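my_file01.txt (compact mmCIF, C-alpha atoms) appears below.
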# COMPACT_ATOMS: atom_id res chain seq x y z
CA MET A 1 -44.81 73.33 -107.66
CA ALA A 2 -41.25 72.19 -107.70
CA ARG A 3 -41.96 69.57 -110.29
CA ASN A 4 -42.71 72.13 -113.00
CA ILE A 5 -39.18 73.47 -112.77
CA PRO A 6 -36.70 71.59 -114.95
CA SER A 7 -34.71 69.33 -112.71
CA SER A 8 -31.44 70.89 -113.80
CA PHE A 9 -32.59 74.10 -112.15
CA ARG A 10 -34.12 72.42 -109.16
CA ASP A 11 -31.09 70.33 -108.27
CA GLY A 12 -28.47 73.02 -108.25
CA GLY A 13 -30.70 76.01 -107.60
CA THR A 14 -31.75 77.63 -104.39
CA THR A 15 -35.38 78.09 -103.60
CA ARG A 16 -36.31 81.12 -101.52
CA ARG A 17 -37.23 78.84 -98.66
CA ARG A 18 -33.95 76.98 -98.63
CA PHE A 19 -31.97 80.18 -99.09
CA LEU A 20 -33.61 81.74 -96.03
CA ALA A 21 -33.03 78.60 -94.02
CA ALA A 22 -29.39 78.52 -95.02
CA ALA A 23 -28.88 82.24 -94.51
CA GLY A 24 -30.24 81.87 -91.01
CA GLY A 25 -27.18 79.88 -90.02
CA ALA A 26 -24.62 82.50 -91.07
CA GLY A 27 -21.31 81.08 -92.11
CA MET A 28 -22.82 77.75 -93.07
CA ALA A 29 -23.05 76.53 -96.63
CA LEU A 30 -25.37 78.80 -98.56
CA ILE A 31 -26.96 76.23 -100.78
CA VAL A 32 -28.70 73.18 -99.39
CA ARG A 33 -28.42 70.67 -102.18
CA PRO A 34 -30.75 67.71 -102.27
CA SER A 35 -28.49 64.71 -102.46
CA GLN A 36 -28.72 62.61 -105.59
CA ALA A 37 -27.11 59.34 -106.46
CA THR A 38 -25.36 59.17 -109.79
CA PRO A 39 -24.75 56.25 -112.13
CA ALA A 40 -21.26 56.24 -110.59
CA ALA A 41 -22.74 55.95 -107.09
CA MET A 42 -24.86 53.08 -108.30
CA THR A 43 -21.85 51.34 -109.78
CA LEU A 44 -20.05 51.79 -106.46
CA ALA A 45 -23.01 50.37 -104.52
CA ILE A 46 -23.11 47.38 -106.86
CA ARG A 47 -19.35 46.86 -106.45
CA ARG A 48 -19.82 46.87 -102.69
CA VAL A 49 -22.23 43.96 -103.05
CA VAL A 50 -20.61 41.87 -105.77
CA GLY A 51 -16.97 42.66 -105.04
CA GLU A 52 -14.70 41.72 -107.91
CA ALA A 53 -17.13 39.20 -109.39
CA GLU A 54 -18.42 39.62 -112.91
CA VAL A 55 -22.12 40.49 -113.27
CA LYS A 56 -23.62 38.83 -116.32
CA PRO A 57 -26.95 39.78 -117.87
CA GLY A 58 -29.66 37.13 -117.72
CA LYS A 59 -31.50 34.76 -115.35
CA VAL A 60 -33.09 37.66 -113.43
CA LYS A 61 -36.31 39.30 -114.56
CA LEU A 62 -37.10 42.75 -113.24
CA ALA A 63 -40.71 43.79 -113.81
CA LEU A 64 -41.50 47.51 -113.67
CA PRO A 65 -44.05 49.58 -115.58
CA PRO A 66 -42.25 51.46 -118.40
CA LEU A 67 -44.19 54.65 -117.74
CA VAL A 68 -45.01 55.70 -114.18
CA GLU A 69 -47.33 58.57 -113.26
CA ASN A 70 -46.47 58.73 -109.59
CA GLY A 71 -42.99 57.80 -108.42
CA ASN A 72 -44.10 57.53 -104.80
CA THR A 73 -45.42 54.02 -105.27
CA VAL A 74 -44.20 51.91 -108.13
CA ALA A 75 -45.04 48.21 -108.15
CA MET A 76 -41.89 46.20 -108.74
CA SER A 77 -41.25 42.49 -108.88
CA VAL A 78 -38.06 40.51 -109.33
CA SER A 79 -37.97 36.84 -110.25
CA VAL A 80 -35.00 34.59 -110.85
CA ASP A 81 -34.92 31.52 -113.03
CA SER A 82 -33.62 28.96 -110.53
CA PRO A 83 -34.66 25.45 -109.47
CA MET A 84 -34.24 26.45 -105.78
CA THR A 85 -32.81 23.10 -104.69
CA PRO A 86 -30.39 22.77 -101.72
CA THR A 87 -27.47 22.72 -104.16
CA ASP A 88 -28.63 25.33 -106.66
CA TYR A 89 -30.55 28.28 -105.25
CA VAL A 90 -30.67 32.06 -105.14
CA LYS A 91 -28.84 33.50 -102.14
CA ALA A 92 -29.76 37.14 -102.50
CA ILE A 93 -31.51 39.70 -104.66
CA HIS A 94 -30.47 43.36 -104.70
CA VAL A 95 -32.12 46.27 -106.51
CA PHE A 96 -30.37 49.55 -107.33
CA THR A 97 -31.32 52.89 -108.89
CA GLU A 98 -29.32 55.56 -110.69
CA LYS A 99 -30.95 58.78 -109.61
CA ASN A 100 -32.66 58.32 -106.27
CA PRO A 101 -30.92 60.09 -103.38
CA GLN A 102 -29.46 56.69 -102.45
CA PRO A 103 -28.54 53.95 -104.91
CA ASN A 104 -30.01 51.06 -102.89
CA ILE A 105 -33.67 50.09 -103.02
CA ILE A 106 -33.87 46.71 -101.32
CA SER A 107 -31.68 43.71 -100.48
CA VAL A 108 -33.24 40.34 -99.87
CA GLN A 109 -31.72 37.14 -98.47
CA LEU A 110 -33.26 33.91 -99.71
CA GLY A 111 -32.48 30.24 -99.35
CA PRO A 112 -33.54 26.92 -100.80
CA ARG A 113 -36.60 27.03 -98.52
CA ALA A 114 -38.04 29.87 -100.58
CA GLY A 115 -39.14 27.36 -103.22
CA ARG A 116 -39.49 30.10 -105.80
CA ALA A 117 -37.15 33.06 -106.14
CA GLU A 118 -39.70 35.77 -106.67
CA ILE A 119 -40.34 38.91 -104.64
CA ALA A 120 -42.61 41.91 -105.09
CA THR A 121 -42.77 45.26 -103.35
CA ARG A 122 -43.57 48.91 -103.96
CA ILE A 123 -40.76 51.38 -104.42
CA ARG A 124 -40.10 55.10 -104.80
CA LEU A 125 -38.42 56.53 -107.86
CA ALA A 126 -37.22 60.13 -107.88
CA ASP A 127 -36.66 60.62 -111.58
CA THR A 128 -36.71 59.03 -115.02
CA GLN A 129 -33.92 56.52 -114.78
CA GLN A 130 -32.65 52.99 -115.02
CA VAL A 131 -33.28 50.39 -112.32
CA VAL A 132 -30.96 47.41 -111.94
CA ALA A 133 -31.72 44.09 -110.25
CA ILE A 134 -28.85 41.76 -109.34
CA CYS A 135 -29.11 38.23 -107.97
CA GLU A 136 -26.46 36.12 -106.30
CA LEU A 137 -26.67 32.38 -106.87
CA SER A 138 -25.42 29.68 -104.51
CA ASP A 139 -22.44 29.03 -106.81
CA GLY A 140 -21.29 32.61 -106.25
CA SER A 141 -22.20 33.98 -109.68
CA PHE A 142 -24.06 37.26 -110.17
CA TRP A 143 -26.72 38.00 -112.79
CA SER A 144 -28.51 41.21 -113.60
CA ASP A 145 -31.42 42.79 -115.42
CA ARG A 146 -32.07 46.47 -116.21
CA ARG A 147 -35.23 48.43 -116.89
CA ASP A 148 -35.68 52.00 -118.04
CA VAL A 149 -38.51 53.78 -116.31
CA ILE A 150 -40.07 57.12 -117.22
CA ILE A 151 -41.42 58.99 -114.21
CA THR A 152 -43.94 61.83 -114.53
CA LEU A 153 -44.06 62.81 -110.86
CA GLY A 154 -40.92 62.01 -108.91
CA ALA A 155 -40.76 60.91 -105.30
CA CYS A 156 -38.43 61.73 -102.41
CA LEU A 157 -37.35 65.22 -103.39
CA GLU A 158 -40.75 66.89 -103.46
CA ASP A 159 -41.26 69.65 -100.89
CA LEU A 160 -43.99 69.18 -98.37
CA ILE A 161 -47.08 71.29 -98.96
CA MET B 1 -48.43 49.37 -82.68
CA ALA B 2 -48.44 49.62 -86.40
CA ARG B 3 -51.24 47.94 -88.25
CA THR B 4 -50.17 44.87 -90.17
CA LEU B 5 -51.92 42.80 -92.78
CA ILE B 6 -50.67 39.28 -93.50
CA ASN B 7 -51.81 36.89 -96.17
CA VAL B 8 -50.70 33.28 -95.62
CA PRO B 9 -52.75 30.32 -96.88
CA ARG B 10 -54.43 28.54 -93.97
CA LYS B 11 -53.82 25.09 -95.45
CA ALA B 12 -51.21 23.76 -97.84
CA LYS B 13 -49.98 20.46 -99.17
CA ARG B 14 -46.54 19.29 -98.02
CA GLY B 15 -43.88 20.61 -100.36
CA GLU B 16 -46.18 23.14 -101.97
CA VAL B 17 -44.75 26.60 -102.73
CA ILE B 18 -46.92 29.18 -101.02
CA ALA B 19 -47.01 32.94 -101.53
CA ILE B 20 -46.82 35.18 -98.47
CA LYS B 21 -47.95 38.79 -98.67
CA THR B 22 -47.24 41.30 -95.92
CA LEU B 23 -48.25 44.91 -95.46
CA ILE B 24 -47.49 47.23 -92.54
CA SER B 25 -48.53 50.82 -91.95
CA HIS B 26 -45.47 53.07 -91.73
CA ILE B 27 -44.65 56.49 -93.19
CA MET B 28 -41.15 55.47 -94.37
CA GLU B 29 -39.89 59.05 -94.09
CA THR B 30 -36.89 59.20 -96.41
CA GLY B 31 -34.79 61.80 -94.61
CA PHE B 32 -34.32 63.64 -97.92
CA ARG B 33 -37.35 65.91 -97.70
CA TYR B 34 -37.56 69.42 -96.32
CA GLY B 35 -40.35 70.63 -94.04
CA SER B 36 -42.20 73.93 -94.27
CA VAL B 37 -39.35 75.90 -92.63
CA GLY B 38 -36.68 74.39 -94.85
CA VAL B 39 -35.38 71.98 -92.26
CA ARG B 40 -34.65 68.44 -93.32
CA ILE B 41 -37.12 65.94 -91.88
CA PRO B 42 -35.17 63.19 -90.10
CA ARG B 43 -35.22 59.70 -91.54
CA ASP B 44 -37.78 57.32 -90.06
CA ILE B 45 -37.96 54.03 -91.93
CA ILE B 46 -38.30 50.31 -91.37
CA ASP B 47 -34.89 48.92 -92.27
CA THR B 48 -35.23 45.21 -91.57
CA PHE B 49 -37.92 42.65 -92.20
CA VAL B 50 -37.47 39.05 -91.09
CA CYS B 51 -39.75 36.05 -91.55
CA THR B 52 -39.31 32.84 -89.56
CA TYR B 53 -41.03 29.50 -90.08
CA ASN B 54 -41.27 27.57 -86.79
CA GLY B 55 -38.34 29.59 -85.50
CA GLU B 56 -36.10 29.12 -88.53
CA GLU B 57 -35.35 32.19 -90.63
CA ILE B 58 -36.59 31.80 -94.20
CA PHE B 59 -36.56 35.34 -95.52
CA ARG B 60 -34.80 38.58 -94.64
CA ALA B 61 -35.05 41.94 -96.37
CA THR B 62 -33.06 45.10 -95.84
CA LEU B 63 -35.17 48.09 -96.75
CA TYR B 64 -33.90 51.51 -97.82
CA PRO B 65 -35.73 54.87 -98.05
CA ALA B 66 -36.61 53.97 -101.65
CA ILE B 67 -39.29 51.60 -100.38
CA ALA B 68 -42.71 53.23 -100.60
CA ALA B 69 -44.73 54.15 -97.52
CA ASN B 70 -46.61 51.24 -95.95
CA PRO B 71 -44.10 48.60 -97.08
CA PHE B 72 -45.71 45.77 -99.00
CA ILE B 73 -43.54 42.69 -99.45
CA THR B 74 -44.44 39.48 -101.24
CA PHE B 75 -42.28 36.37 -101.26
CA HIS B 76 -42.55 32.59 -101.37
CA THR B 77 -41.71 29.61 -99.23
CA VAL B 78 -42.14 25.85 -99.24
CA ALA B 79 -44.80 24.54 -96.86
CA THR B 80 -42.74 21.99 -94.91
CA GLU B 81 -44.69 21.42 -91.70
CA SER B 82 -47.63 22.74 -89.71
CA GLY B 83 -46.78 25.58 -87.42
CA THR B 84 -46.32 29.30 -87.11
CA ILE B 85 -44.94 31.76 -89.60
CA ALA B 86 -43.77 34.85 -87.72
CA PHE B 87 -42.86 38.27 -89.07
CA ARG B 88 -40.83 41.04 -87.52
CA TRP B 89 -40.23 44.57 -88.75
CA THR B 90 -37.63 46.79 -87.08
CA GLY B 91 -36.51 50.29 -87.92
CA ASP B 92 -35.51 53.79 -86.89
CA LYS B 93 -36.55 55.37 -83.59
CA GLY B 94 -36.74 51.93 -81.98
CA PHE B 95 -39.57 50.83 -84.23
CA SER B 96 -40.54 47.19 -83.84
CA ALA B 97 -43.65 45.29 -84.87
CA THR B 98 -44.50 41.62 -85.03
CA ALA B 99 -47.21 39.49 -86.57
CA SER B 100 -47.73 35.79 -87.06
CA ALA B 101 -49.93 33.35 -88.92
CA ASN B 102 -50.65 29.66 -88.47
CA ILE B 103 -50.48 27.16 -91.28
CA THR B 104 -51.70 23.57 -91.45
CA VAL B 105 -49.68 21.33 -93.74
CA GLU B 106 -51.27 18.08 -94.87

Let me see the file written as structure tokens.
Amino acid sequence: MARNIPSSFRDGGTTRRRFLAAAGGAGMALIVRPSQATPAAMTLAIRRVVGEAEVKPGKVKLALPPLVENGNTVAMSVSVDSPMTPTDYVKAIHVFTEKNPQPNIISVQLGPRAGRAEIATRIRLADTQQVVAICELSDGSFWSDRRDVIITLGACLEDLI
Amino acid sequence: MARTLINVPRKAKRGEVIAIKTLISHIMETGFRYGSVGVRIPRDIIDTFVCTYNGEEIFRATLYPAIAANPFITFHTVATESGTIAFRWTGDKGFSATASANITVE
């Protein structure tokens, strides 16, 4: 099983299967690397959403279990402390990860009609990492919350059996 | 047609905040996995979910491959008037599914 191999080997290494697949297309890149987002990629993805605005900690509450057995389905909920009136409401909620193949998890557009700024879904997490939730309020300010999650069995990068 | 499961209260008081739960069957193939011959399996996900209340959009979500298979989404809205709450999921390979629920507001 791929998961018993330390990830440092798995990420950069070449399994026999991938090597044969790559060698089949002679002249092509020899190593097929699984893509992985980095904290830098996450920062970039966050910048793309918030622009130059400052992201302050607070107001948002990201709920995730601290220890996850199976990264394929992780229950996640995000709630924002907001009165949700036509003048003061949550415009959007975004969730990002550090080490999934892509830094984005979900982006949600809300309005004053939501009544309560709270969403829940189930996500995939590839590795032990930090998850960041960011909300945008109607006044244009951004707030964030972070959670560290330990994953026993990662999602996304597992080979099919 | 993908199977959907919607949970909307049948009745609500005017101005009450109601919870809406939605579930749809979909594999949400990430596009980052390799098949048995080492070939990458193409991405096949739902990327957009929209909820409308009597035709007006009240909730929109952009989903990424990091959403687990069979996307389950819970959110809230204010019960303003009797009518229909409609849901639409769209995604890769021309995927599209709809569902709706009626609500009576007193």

Rounded to one decimal, what separation in Å do you get between atom CA of Ala45 of chain A and atom CA of Cys51 of chain B?
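Here the two named atoms are 25.6 Å from each other.
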
Quick one: distance from atom CA of Gly111 of chain A to atom CA of Asp81 of chain A in Å, one decimal?
14.0 Å

Neighbour list for Val78 of chain A as number ranges by chain, cut-off 7 Å, all atoms listed in the file, skip fewer than 4 positions in-chain
A: 61-63, 118-120

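Of the listed residues (A:Met42, A:Glu136, A:Ser141, A:Arg124), A:Arg124 comes nearest to Gly71 of chain A; the distances count all atoms listed in the file.
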
Find the residues near Val55 of chain A: any atom within 9 Å, counting only C-alpha atoms, skip ones fewer than 6 places away on the same chain, and give them as number ranges by chain.
A: 134, 141-144

Neighbour list for Ile27 of chain B as number ranges by chain, cut-off 9 Å, all atoms listed in the file, skip fewer than 2 positions in-chain
B: 25, 29-30, 44-45, 68-71

Applying 10 Å and all atoms listed in the file, which residues near Ala101 of chain B remain after dropping the ones on its own chain fewer than 4 positions away? List them as an mmCIF file with C-alpha atoms, in the frame of the given file.
data_model
loop_
_atom_site.group_PDB
_atom_site.id
_atom_site.type_symbol
_atom_site.label_atom_id
_atom_site.label_comp_id
_atom_site.auth_asym_id
_atom_site.auth_seq_id
_atom_site.Cartn_x
_atom_site.Cartn_y
_atom_site.Cartn_z
ATOM 1 C CA ILE B 6 -50.670 39.280 -93.500
ATOM 2 C CA ASN B 7 -51.810 36.890 -96.170
ATOM 3 C CA VAL B 8 -50.700 33.280 -95.620
ATOM 4 C CA PRO B 9 -52.750 30.320 -96.880
ATOM 5 C CA ARG B 10 -54.430 28.540 -93.970
ATOM 6 C CA TYR B 53 -41.030 29.500 -90.080
ATOM 7 C CA GLY B 83 -46.780 25.580 -87.420
ATOM 8 C CA THR B 84 -46.320 29.300 -87.110
ATOM 9 C CA ILE B 85 -44.940 31.760 -89.600
ATOM 10 C CA ALA B 86 -43.770 34.850 -87.720
ATOM 11 C CA PHE B 87 -42.860 38.270 -89.070
#

As JSON, numbers by chain, could you give me every residue of chain B near chain A (at most 12 Å apart, counting all atoms listed in the file)?
{"B": [15, 16, 17, 18, 19, 20, 21, 22, 23, 24, 27, 28, 29, 30, 31, 32, 33, 34, 35, 36, 37, 38, 39, 40, 41, 43, 46, 47, 48, 49, 50, 51, 52, 53, 56, 57, 58, 59, 60, 61, 62, 63, 64, 65, 66, 67, 68, 69, 70, 71, 72, 73, 74, 75, 76, 77, 78, 79, 80, 81]}

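Compared by their closest atoms to Ile151 of chain A, and using only C-alpha atoms, the residues A:Glu69, A:Glu52, A:Glu98, A:Asp139 rank with A:Glu69 nearest.
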
Calculate how many Å separate atom CA of Arg47 of chain A from atom CA of Met76 of chain A, rounding to one decimal.
22.7 Å

Which of B:Ser82, B:Arg88, B:Gly55, B:Thr4 sits closest to Val105 of chain B [using all atoms listed in the file]:
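Using all atoms listed in the file, the shortest distance to Val105 of chain B belongs to B:Ser82.
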
Find the residue from B:Thr90, B:Pro42, B:His26, B:Lys11 that sits nearest to Asn102 of chain B; use only C-alpha atoms when measuring.
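Looking at the shortest contact to Asn102 of chain B, the residue is B:Lys11.
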
Can you give me N, CA and C atoms for segment 80-93 of chain A, written as a CSV table (one decimal), keeping the file's coordinate frame?
chain,number,residue,atom,x,y,z
A,80,VAL,N,-36.2,35.2,-110.4
A,80,VAL,CA,-35.0,34.6,-110.8
A,80,VAL,C,-35.3,33.2,-111.3
A,81,ASP,N,-34.7,32.8,-112.5
A,81,ASP,CA,-34.9,31.5,-113.0
A,81,ASP,C,-33.9,30.6,-112.3
A,82,SER,N,-34.5,29.8,-111.3
A,82,SER,CA,-33.6,29.0,-110.5
A,82,SER,C,-34.5,27.8,-110.0
A,83,PRO,N,-33.9,26.6,-110.0
A,83,PRO,CA,-34.7,25.4,-109.5
A,83,PRO,C,-34.9,25.5,-108.0
A,84,MET,N,-34.1,26.3,-107.2
A,84,MET,CA,-34.2,26.4,-105.8
A,84,MET,C,-34.1,25.1,-105.1
A,85,THR,N,-33.1,24.3,-105.4
A,85,THR,CA,-32.8,23.1,-104.7
A,85,THR,C,-31.7,23.4,-103.7
A,86,PRO,N,-31.4,22.5,-102.7
A,86,PRO,CA,-30.4,22.8,-101.7
A,86,PRO,C,-29.0,23.0,-102.3
A,87,THR,N,-28.8,22.5,-103.6
A,87,THR,CA,-27.5,22.7,-104.2
A,87,THR,C,-27.4,23.9,-105.2
A,88,ASP,N,-28.6,24.3,-105.6
A,88,ASP,CA,-28.6,25.3,-106.7
A,88,ASP,C,-29.8,26.3,-106.3
A,89,TYR,N,-29.5,27.4,-105.7
A,89,TYR,CA,-30.6,28.3,-105.2
A,89,TYR,C,-30.1,29.7,-105.3
A,90,VAL,N,-31.0,30.6,-105.1
A,90,VAL,CA,-30.7,32.1,-105.1
A,90,VAL,C,-30.4,32.5,-103.7
A,91,LYS,N,-29.2,33.1,-103.5
A,91,LYS,CA,-28.8,33.5,-102.1
A,91,LYS,C,-29.4,34.9,-101.8
A,92,ALA,N,-29.3,35.8,-102.8
A,92,ALA,CA,-29.8,37.1,-102.5
A,92,ALA,C,-30.2,37.9,-103.8
A,93,ILE,N,-31.1,38.8,-103.6
A,93,ILE,CA,-31.5,39.7,-104.7
A,93,ILE,C,-31.3,41.1,-104.2
